[in-house]
$ cat coords_37.txt   # compact mmCIF, C-alpha atoms
# COMPACT_ATOMS: atom_id res chain seq x y z
CA MET Z 252 156.59 136.65 151.48
CA SER Z 253 156.35 135.51 155.07
CA HIS Z 254 157.91 132.40 156.52
CA GLU Z 255 154.47 131.35 157.59
CA SER Z 256 153.40 130.74 154.02
CA ALA Z 257 156.53 128.70 153.27
CA GLU Z 258 155.58 126.29 156.05
CA GLN Z 259 151.95 126.22 155.08
CA GLU Z 260 150.24 122.88 154.58
CA LEU Z 261 149.61 122.48 150.87
CA ILE Z 262 146.57 120.50 149.83
CA ARG Z 263 146.76 117.87 147.11
CA ILE Z 264 143.60 116.08 146.12
CA PRO Z 265 143.91 112.80 144.20
CA ILE Z 266 141.27 112.51 141.51
CA THR Z 267 140.32 109.39 139.58
CA VAL Z 268 138.07 109.84 136.61
CA ASP Z 269 136.50 106.48 135.72
CA VAL Z 270 134.20 106.67 132.73
CA PRO Z 271 132.72 103.58 131.14
CA TYR Z 272 131.21 104.43 127.79
CA ARG Z 273 129.61 102.79 124.78
CA PHE Z 274 129.93 103.83 121.18
CA ALA Z 275 127.94 102.76 118.16
CA ALA Z 276 130.52 101.43 115.73
CA GLY Z 277 128.54 102.53 112.68
CA ASN Z 278 128.05 100.78 109.37
CA TYR Z 279 131.66 100.16 108.35
CA MET Z 280 133.30 99.58 111.75
CA SER Z 281 130.47 97.17 112.64
CA ARG Z 282 131.30 95.03 109.62
CA PHE Z 283 135.01 95.23 110.43
CA LEU Z 284 134.51 94.22 114.08
CA ILE Z 285 131.98 91.47 113.30
CA GLU Z 286 134.34 89.90 110.73
CA LEU Z 287 137.17 90.12 113.25
CA ARG Z 288 135.06 88.51 115.97
CA ASP Z 289 133.29 85.81 113.96
CA ASN Z 290 135.86 84.89 111.32
CA GLY Z 291 139.18 86.22 112.62
CA LYS Z 292 139.62 88.24 109.45
CA PHE Z 293 140.70 91.84 108.84
CA PHE Z 294 138.98 93.91 106.20
CA GLY Z 295 140.05 97.26 104.82
CA ILE Z 296 138.23 99.47 102.37
CA ARG Z 297 139.63 100.59 99.02
CA CYS Z 298 139.18 104.13 97.71
CA PRO Z 299 137.83 104.11 94.12
CA SER Z 300 139.79 107.27 93.35
CA CYS Z 301 143.28 106.86 94.82
CA GLY Z 302 143.24 103.10 95.43
CA ARG Z 303 144.35 103.49 99.04
CA VAL Z 304 143.24 100.62 101.31
CA GLN Z 305 142.22 102.11 104.62
CA LEU Z 306 142.22 100.35 107.96
CA PRO Z 307 140.13 100.76 110.04
CA PRO Z 308 137.54 101.11 107.28
CA ARG Z 309 135.89 104.51 106.91
CA ILE Z 310 133.01 105.40 104.67
CA VAL Z 311 134.87 108.36 103.15
CA CYS Z 312 138.44 108.40 101.88
CA ALA Z 313 140.10 111.17 103.88
CA PRO Z 314 142.33 112.55 101.08
CA CYS Z 315 139.85 112.15 98.17
CA HIS Z 316 136.49 112.80 99.90
CA VAL Z 317 134.79 110.05 97.92
CA ARG Z 318 132.71 107.13 99.14
CA ASN Z 319 134.63 103.91 99.77
CA GLU Z 320 132.73 100.77 98.83
CA GLU Z 321 135.17 98.02 97.91
CA TRP Z 322 135.99 95.73 100.82
CA VAL Z 323 139.42 94.09 100.76
CA GLU Z 324 140.48 91.17 102.92
CA LEU Z 325 143.87 91.85 104.46
CA GLY Z 326 146.62 89.51 105.51
CA LEU Z 327 147.17 88.41 109.08
CA GLU Z 328 150.82 89.23 108.64
CA GLY Z 329 152.34 92.63 108.20
CA THR Z 330 155.36 94.87 108.50
CA LEU Z 331 156.36 96.99 111.46
CA THR Z 332 156.55 100.60 110.26
CA ALA Z 333 157.31 102.27 113.60
CA PHE Z 334 157.64 101.26 117.22
CA THR Z 335 158.43 102.51 120.67
CA VAL Z 336 159.41 100.85 123.91
CA MET Z 337 156.97 101.79 126.66
CA TYR Z 338 158.47 102.25 130.10
CA LEU Z 339 155.28 103.72 131.54
CA PRO Z 340 151.98 101.86 131.88
CA LEU Z 341 149.63 102.39 128.97
CA THR Z 342 145.92 102.48 129.71
CA ASP Z 343 144.09 99.85 127.71
CA PRO Z 344 141.05 101.68 126.28
CA THR Z 345 138.95 98.53 126.29
CA THR Z 346 139.33 97.86 130.01
CA GLY Z 347 140.78 101.03 131.55
CA GLU Z 348 143.48 98.88 133.12
CA PRO Z 349 147.15 99.77 132.70
CA HIS Z 350 149.40 97.48 130.69
CA GLU Z 351 152.52 96.80 132.72
CA PRO Z 352 155.81 98.04 131.22
CA PRO Z 353 158.26 97.48 129.68
CA PHE Z 354 156.81 96.40 126.38
CA THR Z 355 156.99 97.28 122.71
CA TYR Z 356 154.19 99.15 121.02
CA GLY Z 357 154.19 99.37 117.26
CA SER Z 358 152.46 100.42 114.08
CA VAL Z 359 151.86 97.48 111.77
CA ARG Z 360 150.94 97.69 108.11
CA LEU Z 361 148.98 94.53 107.43
CA ASP Z 362 149.66 93.02 104.00
CA GLY Z 363 147.28 94.66 101.56
CA ALA Z 364 146.64 97.78 103.67
CA ASP Z 365 147.90 101.33 103.22
CA SER Z 366 147.36 102.42 106.79
CA ASN Z 367 148.56 101.10 110.10
CA LEU Z 368 147.18 99.30 113.10
CA ASP Z 369 148.77 100.20 116.43
CA HIS Z 370 149.12 97.44 118.98
CA ILE Z 371 151.50 95.66 121.31
CA VAL Z 372 154.38 93.78 119.69
CA HIS Z 373 155.13 90.81 121.90
CA LEU Z 374 158.89 90.39 122.23
CA GLY Z 375 159.04 89.14 125.82
CA ASP Z 376 162.22 90.14 127.64
CA GLU Z 377 163.78 91.29 124.35
CA TYR Z 378 161.43 94.25 124.20
CA ASP Z 379 164.04 96.47 122.52
CA SER Z 380 164.86 94.01 119.74
CA ALA Z 381 162.37 95.33 117.15
CA TRP Z 382 163.26 97.10 113.94
CA VAL Z 383 161.36 98.96 111.26
CA GLY Z 384 160.61 96.43 108.56
CA MET Z 385 160.27 93.49 110.97
CA ARG Z 386 157.67 90.99 109.79
CA VAL Z 387 154.97 90.22 112.32
CA ARG Z 388 151.73 88.26 112.52
CA VAL Z 389 148.62 89.04 114.47
CA VAL Z 390 147.68 86.80 117.41
CA LEU Z 391 143.94 86.76 118.10
CA ARG Z 392 142.01 85.43 121.04
CA PRO Z 393 140.26 82.13 120.41
CA ARG Z 394 136.87 82.49 118.71
CA GLU Z 395 134.84 81.91 121.89
CA GLU Z 396 136.69 84.66 123.75
CA ARG Z 397 136.38 87.30 121.05
CA ILE Z 398 133.87 90.08 121.75
CA GLY Z 399 134.28 92.37 118.76
CA ASP Z 400 136.64 95.09 119.89
CA LEU Z 401 140.36 95.57 119.49
CA SER Z 402 141.03 93.52 122.63
CA ASP Z 403 140.31 90.54 120.36
CA ILE Z 404 143.86 91.17 119.20
CA ILE Z 405 146.19 89.91 121.93
CA HIS Z 406 149.31 91.30 120.24
CA PHE Z 407 151.57 91.00 117.21
CA GLU Z 408 154.42 88.54 117.31
CA PRO Z 409 157.50 88.42 115.08
CA LEU Z 410 157.73 85.79 112.35
CA LYS Z 411 160.41 83.23 113.04
CA GLY Z 412 163.70 83.06 111.17
CA GLN Z 413 164.25 86.80 110.78
CA GLU Z 414 167.41 88.64 111.59
CA LYS Z 415 167.74 92.29 112.54
CA PRO Z 416 169.51 94.08 109.64
CA GLY Z 417 173.07 95.22 110.28
CA LYS Z 418 173.49 92.84 113.17
CA MET P 122 130.29 87.79 93.41
CA GLU P 123 129.96 87.00 97.07
CA GLU P 124 126.47 86.72 98.48
CA GLU P 125 125.08 89.71 100.30
CA LYS P 126 125.69 89.47 104.02
CA VAL P 127 123.85 91.68 106.48
CA TYR P 128 125.87 93.24 109.28
CA GLY P 129 123.74 94.49 112.13
CA PRO P 130 124.50 97.57 114.17
CA PHE P 131 127.22 96.99 116.69
CA GLU P 132 128.12 98.71 119.94
CA VAL P 133 131.45 98.63 121.70
CA ASP P 134 131.89 99.04 125.45
CA GLN P 135 135.05 100.82 126.52
CA ARG P 136 136.39 102.44 129.64
CA ILE P 137 138.69 105.31 130.48
CA ARG P 138 140.25 105.50 133.90
CA ALA P 139 142.58 108.42 134.51
CA HIS P 140 144.39 109.22 137.75
CA SER P 141 145.47 112.75 138.46
CA THR P 142 146.24 115.09 141.34
CA TYR P 143 144.72 118.50 141.92
CA TYR P 144 147.16 120.88 143.58
CA ALA P 145 145.16 123.50 145.44
CA GLY P 146 148.01 126.01 145.60
CA ARG P 147 148.71 128.49 148.42
CA ILE P 148 145.37 130.25 148.44
CA GLY P 149 143.33 127.14 147.72
CA SER P 150 145.15 125.25 150.48
CA ARG P 151 144.24 127.94 153.00
CA PHE P 152 140.64 127.63 151.89
CA TYR P 153 140.59 123.86 152.38
CA THR P 154 142.52 123.73 155.68
CA GLU P 155 140.32 126.48 157.14
CA LEU P 156 137.24 124.58 156.04
CA ARG P 157 138.54 121.30 157.47
CA ASP P 158 139.96 122.59 160.78
CA ARG P 159 137.61 125.45 161.69
CA LYS P 160 134.53 125.10 159.48
CA ARG P 161 135.20 128.59 158.20
CA ILE P 162 134.66 129.55 154.56
CA LEU P 163 137.15 131.95 153.00
CA GLY P 164 136.89 134.20 150.00
CA SER P 165 139.37 136.70 148.62
CA ARG P 166 138.70 140.40 148.29
CA CYS P 167 140.22 142.46 145.51
CA GLU P 168 141.14 145.87 146.95
CA GLU P 169 141.28 147.40 143.48
CA CYS P 170 137.76 146.63 142.30
CA GLY P 171 136.10 145.48 145.51
CA LYS P 172 135.05 142.05 144.26
CA VAL P 173 134.97 139.14 146.69
CA TYR P 174 135.60 135.75 145.14
CA TRP P 175 134.36 132.40 146.36
CA PRO P 176 136.27 130.15 146.29
CA PRO P 177 139.29 132.42 146.88
CA ARG P 178 141.78 132.85 144.09
CA GLN P 179 145.19 134.38 143.62
CA THR P 180 144.32 136.74 140.77
CA CYS P 181 141.31 138.98 140.31
CA GLY P 182 139.51 137.80 137.20
CA ARG P 183 138.25 141.31 136.49
CA CYS P 184 141.27 143.59 137.00
CA PHE P 185 144.11 141.00 137.24
CA SER P 186 145.31 142.30 140.62
CA LEU P 187 147.31 139.85 142.68
CA LEU P 188 145.25 138.62 145.64
CA GLY P 189 147.63 137.40 148.35
CA GLU P 190 146.93 135.63 151.61
CA ASP P 191 146.36 139.03 153.24
CA ARG P 192 143.26 139.41 151.05
CA LEU P 193 141.50 136.35 152.45
CA VAL P 194 138.23 137.22 154.20
CA GLU P 195 135.68 135.08 155.95
CA ILE P 196 132.39 134.84 154.07
CA GLY P 197 129.05 133.19 154.75
CA PRO P 198 128.24 130.82 156.26
CA LEU P 199 124.73 131.75 155.11
CA GLY P 200 124.06 132.34 151.46
CA THR P 201 121.50 132.70 148.72
CA LEU P 202 120.40 130.21 146.08
CA GLU P 203 121.10 131.81 142.69
CA THR P 204 119.89 128.96 140.52
CA TYR P 205 119.54 125.17 140.72
CA THR P 206 118.79 122.03 138.78
CA THR P 207 117.71 118.52 139.67
CA VAL P 208 120.03 115.86 138.29
CA ARG P 209 118.07 112.70 137.51
CA TYR P 210 120.72 110.79 135.63
CA SER P 211 123.74 109.21 137.36
CA GLU P 212 127.07 109.80 135.69
CA PRO P 213 130.38 108.40 136.96
CA VAL P 214 131.88 111.90 137.05
CA HIS P 215 129.34 113.04 139.64
CA PRO P 216 130.38 112.43 143.24
CA ARG P 217 126.83 111.36 144.16
CA LYS P 218 124.15 109.13 142.71
CA ALA P 219 121.12 110.77 141.13
CA PRO P 220 118.66 112.12 141.95
CA PHE P 221 120.22 115.13 143.63
CA VAL P 222 120.10 118.90 143.31
CA TYR P 223 122.99 121.07 142.17
CA GLY P 224 122.68 124.74 143.06
CA ILE P 225 124.75 127.87 142.62
CA VAL P 226 125.19 129.35 146.09
CA ARG P 227 126.30 132.93 146.65
CA LEU P 228 127.55 133.28 150.19
CA ASP P 229 126.93 136.46 152.16
CA GLY P 230 129.84 138.80 151.56
CA ALA P 231 130.82 137.18 148.25
CA ASP P 232 130.17 138.48 144.75
CA THR P 233 130.35 135.12 143.04
CA GLY P 234 128.38 131.91 143.31
CA THR P 235 129.75 128.40 143.34
CA ALA P 236 128.08 125.11 142.52
CA HIS P 237 127.36 122.71 145.36
CA PHE P 238 124.80 120.16 146.45
CA ILE P 239 121.46 121.32 147.85
CA GLY P 240 120.20 118.80 150.38
CA GLU P 241 117.52 118.19 153.00
CA ALA P 242 114.98 119.80 150.73
CA ASP P 243 112.28 118.68 148.38
CA PRO P 244 113.23 119.99 144.90
CA GLY P 245 109.69 121.37 144.61
CA GLU P 246 110.15 123.70 147.57
CA LEU P 247 113.36 125.30 146.25
CA ARG P 248 113.15 128.90 145.06
CA ILE P 249 115.74 131.22 143.55
CA GLY P 250 116.72 133.72 146.23
CA MET P 251 116.10 131.21 149.02
CA ARG P 252 118.36 131.47 152.09
CA LEU P 253 120.74 128.54 152.60
CA GLU P 254 123.11 127.30 155.26
CA PRO P 255 126.02 124.87 154.94
CA VAL P 256 125.99 121.44 156.56
CA PHE P 257 129.53 120.33 157.38
CA GLU P 258 130.75 116.75 157.42
CA GLU P 259 131.81 115.34 160.79
CA ASP P 260 134.93 113.75 159.34
CA ARG P 261 136.45 116.49 157.20
CA LYS P 262 139.27 115.68 154.79
CA GLY P 263 140.27 119.02 153.30
CA ASN P 264 138.23 119.09 150.12
CA ILE P 265 135.06 120.82 148.93
CA LEU P 266 132.86 117.94 150.13
CA ASP P 267 133.75 118.90 153.71
CA ILE P 268 130.60 120.89 153.11
CA ARG P 269 128.15 117.99 152.69
CA HIS P 270 125.56 120.27 151.12
CA PHE P 271 123.63 123.47 151.64
CA ARG P 272 120.10 123.32 153.00
CA PRO P 273 117.30 125.85 153.28
CA VAL P 274 117.30 127.91 156.48
CA ARG P 275 114.20 126.79 158.39

$ encode --input "coords_37.txt" --output "C-alpha cells"
Amino acid sequence: MSHESAEQELIRIPITVDVPYRFAAGNYMSRFLIELRDNGKFFGIRCPSCGRVQLPPRIVCAPCHVRNEEWVELGLEGTLTAFTVMYLPLTDPTTGEPHEPPFTYGSVRLDGADSNLDHIVHLGDEYDSAWVGMRVRVVLRPREERIGDLSDIIHFEPLKGQEKPGK
Amino acid sequence: MEEEKVYGPFEVDQRIRAHSTYYAGRIGSRFYTELRDRKRILGSRCEECGKVYWPPRQTCGRCFSLLGEDRLVEIGPLGTLETYTTVRYSEPVHPRKAPFVYGIVRLDGADTGTAHFIGEADPGELRIGMRLEPVFEEDRKGNILDIRHFRPVR
C-alpha cells in the first residue's frame, strides 16, 4: 500500500434521518389511550384462558392465542421490576428529541398488571438510587395537556417513606 | 354492568430522528474528492471479469476480486437512461420535494447504473435509452449531490 493512500482525504458524510409518522392505534390501543388522556386511568386486558393482564392491551393473548375481552382498571402505583441508568441521550419516540442524561429508565409493573410499562423513573440527582422492588407512582400531565400518547406520562416517581433494602 | 362506551378510532403522531455518519472508505473517498475537485466521475474496473462499477467499489460483486485504487477509471460524463420514475409524493427521506424524476443512469464505460435525479426535462419527453449529461453544482461539498442532476443531451 502506498503512502499516498495513507494520507488520502477520507470522506465522512453526516446523515440525519428525520421521519414523522402516524399510526392508527387500533381498537384496543385507542381505548387505552383515550382512557389515559380523558380520565388519567390505565386499563389492561385479561386473558380468559391464562388470566394474564396485559399492558398495553392487545386483542390476542400472546401465549394462549385467544381473544382478550375483559378490561381491567390498573393502579397508578406499581413496582419497579428492572432499571438502568442512562448515560447516553435516549430519543423520545413521541418527539424525536433526545432526553438528556443521566437519568433512570425502568420497567414498572402497575398494580393489577402482569406486564411492564417502560418509562423514566424520576430520581433527580440520585439517579442511581433505584432498586428492584421499589414502589413508584405514575405522574401524568394535567388533563388539558394530555394528547393521548405515552408522552402523557411525565415519569414515575418513588413513593415516599421507602428505604433501599440492605442499606 | 357498566354502560357501553364507544371509543372512536385514534391516531398517534410520532417522530424518529436518527443521526449517523456515512464513512465513504478509501475508494468511495476518491470518488467523492474527484467529483468535488475536478468534476470527474470514477468507476472501478475488475481486471478478472472486465466489469466496470459505478460508483466504484473495493470488491467485485461478481467474482469477489479486490479492486484497489489502481483500478479506478474515469467514466462518463455522458450516459444512458436505463429506467425512470416520477415521484409525486414528498417523503422526508428524499433529498428533494416532489414532484421530481428519479432515473437509473448508466454512464459510458460503466456496466452498472446508479439512481440519480433527472432534471431540466419534462417527464413526458423522457425515454429509456435517452442520452444524458451531468449538471454539476457550483459549490461542491464531496457528496453525490455534487451532481445536481442529469439532463437530456440537447

$ closest_atom_pairs --input "coords_37.txt" --of "chain Z" --to "chain P" --cutoff "9 Å" --atoms "only C-alpha atoms" --output "Markdown table"
| residue | atom | partner | partner_atom | distance |
| --- | --- | --- | --- | --- |
| Z:Ser256 | CA | P:Arg147 | CA | 7.6 |
| Z:Gln259 | CA | P:Arg147 | CA | 7.7 |
| Z:Glu260 | CA | P:Ser150 | CA | 7.0 |
| Z:Leu261 | CA | P:Ser150 | CA | 5.3 |
| Z:Ile262 | CA | P:Ser150 | CA | 5.0 |
| Z:Arg263 | CA | P:Tyr144 | CA | 4.7 |
| Z:Ile264 | CA | P:Tyr143 | CA | 5.0 |
| Z:Pro265 | CA | P:Thr142 | CA | 4.3 |
| Z:Ile266 | CA | P:Ser141 | CA | 5.2 |
| Z:Thr267 | CA | P:His140 | CA | 4.5 |
| Z:Val268 | CA | P:Ala139 | CA | 5.2 |
| Z:Asp269 | CA | P:Arg138 | CA | 4.3 |
| Z:Val270 | CA | P:Ile137 | CA | 5.2 |
| Z:Pro271 | CA | P:Arg136 | CA | 4.1 |
| Z:Tyr272 | CA | P:Gln135 | CA | 5.4 |
| Z:Arg273 | CA | P:Asp134 | CA | 4.4 |
| Z:Phe274 | CA | P:Val133 | CA | 5.4 |
| Z:Ala275 | CA | P:Glu132 | CA | 4.4 |
| Z:Ala276 | CA | P:Glu132 | CA | 5.6 |
| Z:Gly277 | CA | P:Pro130 | CA | 6.6 |
| Z:Asn278 | CA | P:Pro130 | CA | 6.8 |
| Z:Met280 | CA | P:Phe131 | CA | 8.3 |
| Z:Ser281 | CA | P:Phe131 | CA | 5.2 |
| Z:Arg282 | CA | P:Tyr128 | CA | 5.7 |
| Z:Leu284 | CA | P:Phe131 | CA | 8.2 |
| Z:Ile285 | CA | P:Tyr128 | CA | 7.5 |
| Z:Thr342 | CA | P:Arg138 | CA | 7.7 |
| Z:Asp343 | CA | P:Ile137 | CA | 8.2 |
| Z:Pro344 | CA | P:Arg136 | CA | 5.8 |
| Z:Thr345 | CA | P:Gln135 | CA | 4.5 |
| Z:Thr346 | CA | P:Arg136 | CA | 5.5 |
| Z:Gly347 | CA | P:Ile137 | CA | 4.9 |
| Z:Glu348 | CA | P:Arg138 | CA | 7.4 |
| Z:Ile398 | CA | P:Val133 | CA | 8.9 |
| Z:Gly399 | CA | P:Val133 | CA | 7.5 |
| Z:Asp400 | CA | P:Val133 | CA | 6.5 |

$ atom_distance --input "coords_37.txt" --atom1 "CA of Asp289 in chain Z" --atom2 "CA of Met385 in chain Z"
28.2 Å

$ atom_distance --input "coords_37.txt" --atom1 "CA of Arg157 in chain P" --atom2 "CA of Gly171 in chain P"
27.1 Å

$ atom_distance --input "coords_37.txt" --atom1 "CA of Glu254 in chain P" --atom2 "CA of Tyr210 in chain P"
25.8 Å

$ closest_residue --input "coords_37.txt" --among "Z:Leu374, Z:Val323, Z:Asp379, Z:Asn290" --to "Lys411 in chain Z" --atoms "only C-alpha atoms"
Z:Leu374

$ residues_near_point --input "coords_37.txt" --point "(140.6, 133.9, 142.7)" --cutoff "12 Å" --atoms "only C-alpha atoms" --output "number ranges by chain"
P: 145-149, 152, 163-167, 172-190, 192-193, 231-233

$ residues_around --input "coords_37.txt" --residues "range 312-314 of chain Z" --least-positions-apart "6" --cutoff "9 Å" --atoms "all atoms listed in the file" --output "mmCIF file with C-alpha atoms, in the coordinates of the input"
data_model
loop_
_atom_site.group_PDB
_atom_site.id
_atom_site.type_symbol
_atom_site.label_atom_id
_atom_site.label_comp_id
_atom_site.auth_asym_id
_atom_site.auth_seq_id
_atom_site.Cartn_x
_atom_site.Cartn_y
_atom_site.Cartn_z
ATOM 1 C CA ILE Z 296 138.230 99.470 102.370
ATOM 2 C CA ARG Z 297 139.630 100.590 99.020
ATOM 3 C CA CYS Z 298 139.180 104.130 97.710
ATOM 4 C CA PRO Z 299 137.830 104.110 94.120
ATOM 5 C CA SER Z 300 139.790 107.270 93.350
ATOM 6 C CA CYS Z 301 143.280 106.860 94.820
ATOM 7 C CA ARG Z 303 144.350 103.490 99.040
ATOM 8 C CA GLN Z 305 142.220 102.110 104.620
#

$ residues_around --input "coords_37.txt" --residues "Gly357 in chain Z" --least-positions-apart "4" --cutoff "7 Å" --atoms "all atoms listed in the file" --output "list of chain:residue names"
Z:Leu331, Z:Ala333, Z:Phe334, Z:Thr335, Z:Asp369, Z:His370, Z:Ile371, Z:Val372

$ residues_around --input "coords_37.txt" --residues "Ile162 in chain P" --least-positions-apart "2" --cutoff "6 Å" --atoms "all atoms listed in the file" --output "ChimeraX atom specification"
/P:156,195-196

$ residues_around --input "coords_37.txt" --residues "Thr207 in chain P" --least-positions-apart "6" --cutoff "8 Å" --atoms "all atoms listed in the file" --output "PyMOL selection string"
chain P and resi 220-223+244

$ residues_around --input "coords_37.txt" --residues "Arg392 in chain Z" --least-positions-apart "6" --cutoff "8 Å" --atoms "all atoms listed in the file" --output "ChimeraX atom specification"
/Z:403-405

$ build_atoms --input "coords_37.txt" --residues "range 283-311 of chain Z" --atoms "N, CA and C atoms" --output "mmCIF file, keeping the file's coordinate frame"
data_model
loop_
_atom_site.group_PDB
_atom_site.id
_atom_site.type_symbol
_atom_site.label_atom_id
_atom_site.label_comp_id
_atom_site.auth_asym_id
_atom_site.auth_seq_id
_atom_site.Cartn_x
_atom_site.Cartn_y
_atom_site.Cartn_z
ATOM 1 N N PHE Z 283 133.618 95.546 110.109
ATOM 2 C CA PHE Z 283 135.010 95.230 110.430
ATOM 3 C C PHE Z 283 135.105 94.410 111.723
ATOM 4 N N LEU Z 284 134.402 94.876 112.767
ATOM 5 C CA LEU Z 284 134.510 94.220 114.080
ATOM 6 C C LEU Z 284 133.803 92.859 114.081
ATOM 7 N N ILE Z 285 132.696 92.750 113.341
ATOM 8 C CA ILE Z 285 131.980 91.470 113.300
ATOM 9 C C ILE Z 285 132.818 90.432 112.547
ATOM 10 N N GLU Z 286 133.459 90.837 111.461
ATOM 11 C CA GLU Z 286 134.340 89.900 110.730
ATOM 12 C C GLU Z 286 135.519 89.476 111.601
ATOM 13 N N LEU Z 287 136.047 90.441 112.352
ATOM 14 C CA LEU Z 287 137.170 90.120 113.250
ATOM 15 C C LEU Z 287 136.714 89.115 114.306
ATOM 16 N N ARG Z 288 135.558 89.376 114.886
ATOM 17 C CA ARG Z 288 135.060 88.510 115.970
ATOM 18 C C ARG Z 288 134.674 87.128 115.457
ATOM 19 N N ASP Z 289 133.884 87.085 114.382
ATOM 20 C CA ASP Z 289 133.290 85.810 113.960
ATOM 21 C C ASP Z 289 134.235 84.974 113.110
ATOM 22 N N ASN Z 290 135.052 85.637 112.289
ATOM 23 C CA ASN Z 290 135.860 84.890 111.320
ATOM 24 C C ASN Z 290 137.356 85.100 111.480
ATOM 25 N N GLY Z 291 137.757 85.964 112.423
ATOM 26 C CA GLY Z 291 139.180 86.220 112.620
ATOM 27 C C GLY Z 291 139.848 86.846 111.412
ATOM 28 N N LYS Z 292 139.079 87.622 110.659
ATOM 29 C CA LYS Z 292 139.620 88.240 109.450
ATOM 30 C C LYS Z 292 139.648 89.763 109.586
ATOM 31 N N PHE Z 293 140.615 90.382 108.884
ATOM 32 C CA PHE Z 293 140.700 91.840 108.840
ATOM 33 C C PHE Z 293 140.288 92.327 107.471
ATOM 34 N N PHE Z 294 139.404 93.309 107.462
ATOM 35 C CA PHE Z 294 138.980 93.910 106.200
ATOM 36 C C PHE Z 294 139.306 95.390 106.196
ATOM 37 N N GLY Z 295 139.862 95.832 105.068
ATOM 38 C CA GLY Z 295 140.050 97.260 104.820
ATOM 39 C C GLY Z 295 139.078 97.682 103.743
ATOM 40 N N ILE Z 296 139.139 98.965 103.399
ATOM 41 C CA ILE Z 296 138.230 99.470 102.370
ATOM 42 C C ILE Z 296 139.063 100.244 101.348
ATOM 43 N N ARG Z 297 138.802 99.960 100.047
ATOM 44 C CA ARG Z 297 139.630 100.590 99.020
ATOM 45 C C ARG Z 297 138.932 101.822 98.441
ATOM 46 N N CYS Z 298 139.706 102.900 98.310
ATOM 47 C CA CYS Z 298 139.180 104.130 97.710
ATOM 48 C C CYS Z 298 139.118 103.965 96.189
ATOM 49 N N PRO Z 299 137.959 104.261 95.560
ATOM 50 C CA PRO Z 299 137.830 104.110 94.120
ATOM 51 C C PRO Z 299 138.647 105.147 93.350
ATOM 52 N N SER Z 300 139.070 106.198 94.027
ATOM 53 C CA SER Z 300 139.790 107.270 93.350
ATOM 54 C C SER Z 300 141.306 107.086 93.443
ATOM 55 N N CYS Z 301 141.823 106.946 94.670
ATOM 56 C CA CYS Z 301 143.280 106.860 94.820
ATOM 57 C C CYS Z 301 143.766 105.427 95.046
ATOM 58 N N GLY Z 302 142.845 104.501 95.274
ATOM 59 C CA GLY Z 302 143.240 103.100 95.430
ATOM 60 C C GLY Z 302 143.787 102.730 96.789
ATOM 61 N N ARG Z 303 143.844 103.724 97.693
ATOM 62 C CA ARG Z 303 144.350 103.490 99.040
ATOM 63 C C ARG Z 303 143.443 102.520 99.793
ATOM 64 N N VAL Z 304 144.026 101.556 100.502
ATOM 65 C CA VAL Z 304 143.240 100.620 101.310
ATOM 66 C C VAL Z 304 143.351 101.062 102.769
ATOM 67 N N GLN Z 305 142.219 101.488 103.305
ATOM 68 C CA GLN Z 305 142.220 102.110 104.620
ATOM 69 C C GLN Z 305 141.808 101.113 105.692
ATOM 70 N N LEU Z 306 142.509 101.180 106.805
ATOM 71 C CA LEU Z 306 142.220 100.350 107.960
ATOM 72 C C LEU Z 306 142.410 101.209 109.197
ATOM 73 N N PRO Z 307 141.474 101.333 110.106
ATOM 74 C CA PRO Z 307 140.130 100.760 110.040
ATOM 75 C C PRO Z 307 139.311 101.382 108.906
ATOM 76 N N PRO Z 308 138.311 100.631 108.413
ATOM 77 C CA PRO Z 308 137.540 101.110 107.280
ATOM 78 C C PRO Z 308 136.678 102.316 107.624
ATOM 79 N N ARG Z 309 136.741 103.321 106.750
ATOM 80 C CA ARG Z 309 135.890 104.510 106.910
ATOM 81 C C ARG Z 309 135.059 104.666 105.643
ATOM 82 N N ILE Z 310 133.928 105.293 105.798
ATOM 83 C CA ILE Z 310 133.010 105.400 104.670
ATOM 84 C C ILE Z 310 133.528 106.397 103.635
ATOM 85 N N VAL Z 311 134.343 107.356 104.077
ATOM 86 C CA VAL Z 311 134.870 108.360 103.150
ATOM 87 C C VAL Z 311 136.393 108.279 103.148
#
